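**Q** Mind looking over this structure? Questions follow.
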Amino acid sequence: MSHYAVSVKPAAVIPVPAATLVLLRDRPAGGVEILLMQRHAKSKFAAGDFVFPGGKLTREDNPPDAIRWCTGLDAATAAKTLDLSDTELAVAHWIGVIRETFEEVGVLLATSAGGGPVQVAPATLSACRRACQADNRAFWELVKQEELRLATDRLAYFAHWITPEGNPLRFDTRFFAAPMPPEQTPTGDDKEVTDLRWLAPAEALHAQKRGEISLRNPTVRNLMLFTDATSTADGLARLRGRKVTTIAPRVVFGPDGARRILMPGDPDY
């Protein structure tokens with residue numbers, strides 16, 4: 001019997017499809033602010049960090065009649081926009097980011113069947129949020145029972161990031177942006193979210209530099225896209241026609257053990 005140890009390279013972790021949403025609202029004095037939520041300190045991913053609402057997609061995000069409940073979206077356009085051949089997966093991104101935002105911060109990007117604001121009893125919405133934590137199908141029960149229409153036409157797709165190799169949890173994440181519904185107020189879920197803050201992009205970046213909040217690299221880079229926006233409409237307009245390229249950072253460690261993040265285009269990437 002051989003006494004030599006055999007080194008086996010661990011299998012690469014396949015990134016899980018996910019979607020996240022940048023919610024924007026106007027500031028009275030001009031400019032925009034963005035909703036950031038702090039993940040629980042015991043979260044498996046991004047513990048304690050301030051991030052945009054969002055999460056992984058599930059099979060329940062795309063029931064057979066899903067597109068019927070979406071406004072201004074068809075499967076072919078969704079797939080073309082995200083550069084995906086799988087139309088069902090493409091539609092699931094647009095729906096999943098709305099569901100996750102509702103579950104995590106209580107903001108529901110939807111309208112009544114007639115196109116007006118959502119008219120659902122607060123107790124019903126709260127019960128659905130709690131139910132979604134156990135089974136995402138509860139979201140569709142709400143949509144269909146209340147005859148809602150998901151406001152997929154308000155979503156602007158603008159970025160695509162993949163978690164670096166070597167991480168035990170990896171996500172293939174599409175970033176969307178949308179205006180905050182003025183008649184709604186975000187609230188935490190008492191589970192995954194421990195804090196909510198509306199911050200101007202520059203404020204968030206400065207708070208990180210001062211060590212007041214922790215931001216992940218994709219969050220920092222995407223906040224920078226909105227630092228010069230004069231309003232929500234202006235911020236969203238800047239995203240129109242933007243060429244989205246997949247960003248897959250690499251993590252390397254120097255001789256001293258220091259961790260470095262390499263971005264596409266960096267000399268050592």
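Ordered as shown in the structure tokens, chains take letters A, B, and onward, while each chain numbers its residues from 1 and ligands are numbered from 1 in the order shown.
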Which polymer residues have any atom within 7 Å of an atom of range 126-129 of chain A, counting only C-alpha atoms, with same-chain residues fewer than 3 positions away left out, as a VMD selection string?
**A** chain A and resid 103 122 to 123 132 to 133 138 to 139 142
**Q** Fewer than 5 positions away in the same chain doesn't count, so skip those; otherwise give me all residues within 6 Å of Thr20 in chain A, counting only C-alpha atoms, as a list in words.
**A** Pro53, Gly54, Val97 and Phe175 of chain A
**Q** Select, from A:Gly265, A:Pro249, A:Gly115, A:Gly31, the residue with the minimum atom-to-atom distance to Trp69 in chain A, counting only C-alpha atoms.
**A**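 Looking only at the distances to Trp69 in chain A, the closest residue turns out to be A:Gly115.
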**Q** Identify, with DSSP run on backbone atoms, the residues in range 162-210 of chain A assigned to strand (DSSP E or B), and express the list as a list in words.
**A**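 Strand (DSSP E or B) assignments inside range 162-210 of chain A correspond to Ile162, Phe171, Asp172, Thr173, Arg174, Phe175, Phe176, Ala177, Ala178, Pro179, Val193, Thr194, Asp195, Leu196, Arg197, Trp198 and Leu199 of chain A.
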**Q** Of the candidates A:His160, A:His93, A:Arg149, A:Lys42, which shows the shortest atom-to-atom distance to Gly116 in chain A, using only C-alpha atoms?
**A**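 Smallest distance to Gly116 in chain A is found for A:Arg149.
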**Q** Name all residues at most 10 Å from Glu147 in chain A (count only C-alpha atoms; drop same-chain ones fewer than 5 positions away) and give them as a PyMOL selection string.
**A** chain A and resi 69+111-114+118+141-142
**Q** Write the selection just made, keeping N, CA and C atoms, as a JSON list (two decimals), in the first residue's frame?
**A**
[["chain", "number", "residue", "atom", "x", "y", "z"],
["A", 69, "TRP", "N", -48.25, 37.70, -15.88],
["A", 69, "TRP", "CA", -48.37, 38.60, -14.73],
["A", 69, "TRP", "C", -47.31, 39.69, -14.73],
["A", 111, "THR", "N", -48.27, 46.57, -9.56],
["A", 111, "THR", "CA", -49.42, 47.47, -9.66],
["A", 111, "THR", "C", -50.69, 46.63, -9.52],
["A", 112, "SER", "N", -51.80, 47.31, -9.41],
["A", 112, "SER", "CA", -53.08, 46.63, -9.49],
["A", 112, "SER", "C", -53.30, 46.20, -10.94],
["A", 113, "ALA", "N", -54.33, 45.43, -11.18],
["A", 113, "ALA", "CA", -54.63, 44.98, -12.54],
["A", 113, "ALA", "C", -54.86, 46.16, -13.48],
["A", 114, "GLY", "N", -55.36, 47.27, -12.91],
["A", 114, "GLY", "CA", -55.63, 48.45, -13.73],
["A", 114, "GLY", "C", -54.45, 49.38, -13.89],
["A", 118, "VAL", "N", -50.54, 49.32, -5.65],
["A", 118, "VAL", "CA", -51.00, 48.10, -5.02],
["A", 118, "VAL", "C", -51.94, 48.43, -3.87],
["A", 141, "GLU", "N", -49.02, 33.10, -4.86],
["A", 141, "GLU", "CA", -50.38, 33.06, -4.32],
["A", 141, "GLU", "C", -50.90, 34.48, -4.11],
["A", 142, "LEU", "N", -50.03, 35.35, -3.59],
["A", 142, "LEU", "CA", -50.41, 36.75, -3.39],
["A", 142, "LEU", "C", -50.70, 37.44, -4.72]]
**Q** Check the smallest atom-to-atom distance from each of A:Ala110, A:Leu148, A:Val91, A:Glu203 to Pro64 in chain A using only C-alpha atoms, then report the winner.
**A**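 When distances to Pro64 in chain A are compared using only C-alpha atoms, the smallest one comes from A:Val91.
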**Q** Write out as a ChimeraX atom specification all residues of range 65-232 of chain A that backbone DSSP assigns to alpha helix (DSSP H).
**A** /A:75-82,87-105,122-132,137-145,201-209,217-223,232
**Q** I need the residue nearest Leu82 in chain A from this list: A:Val193, A:Thr219, A:Asp49, A:Trp94. Use only C-alpha atoms for the distance.
**A**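 Using only C-alpha atoms, the shortest distance to Leu82 in chain A belongs to A:Trp94.
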**Q** So which residues touch Gly30 in chain A within 12 Å, counting only C-alpha atoms, skipping near sequence neighbours fewer than 4 positions away, as an NGL selection string?
**A** :A and (25-26 or 200 or 227-235)
**Q** What does the distance from CA of Phe176 in chain A to CA of Leu23 in chain A come to in Å, to one decimal?
**A**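 So the two atoms, CA of Phe176 in chain A and CA of Leu23 in chain A, lie 8.7 Å apart.
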**Q** Just the number, please: distance in Å from CA of Ala207 in chain A to CA of Pro182 in chain A, one decimal.
**A**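 Between these atoms lies a distance of 25.9 Å.
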**Q** Just the number, please: distance in Å from CA of Pro17 in chain A to CA of Ile95 in chain A, one decimal.
**A**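 Atom-to-atom, CA of Pro17 in chain A and CA of Ile95 in chain A are spaced 12.7 Å apart.
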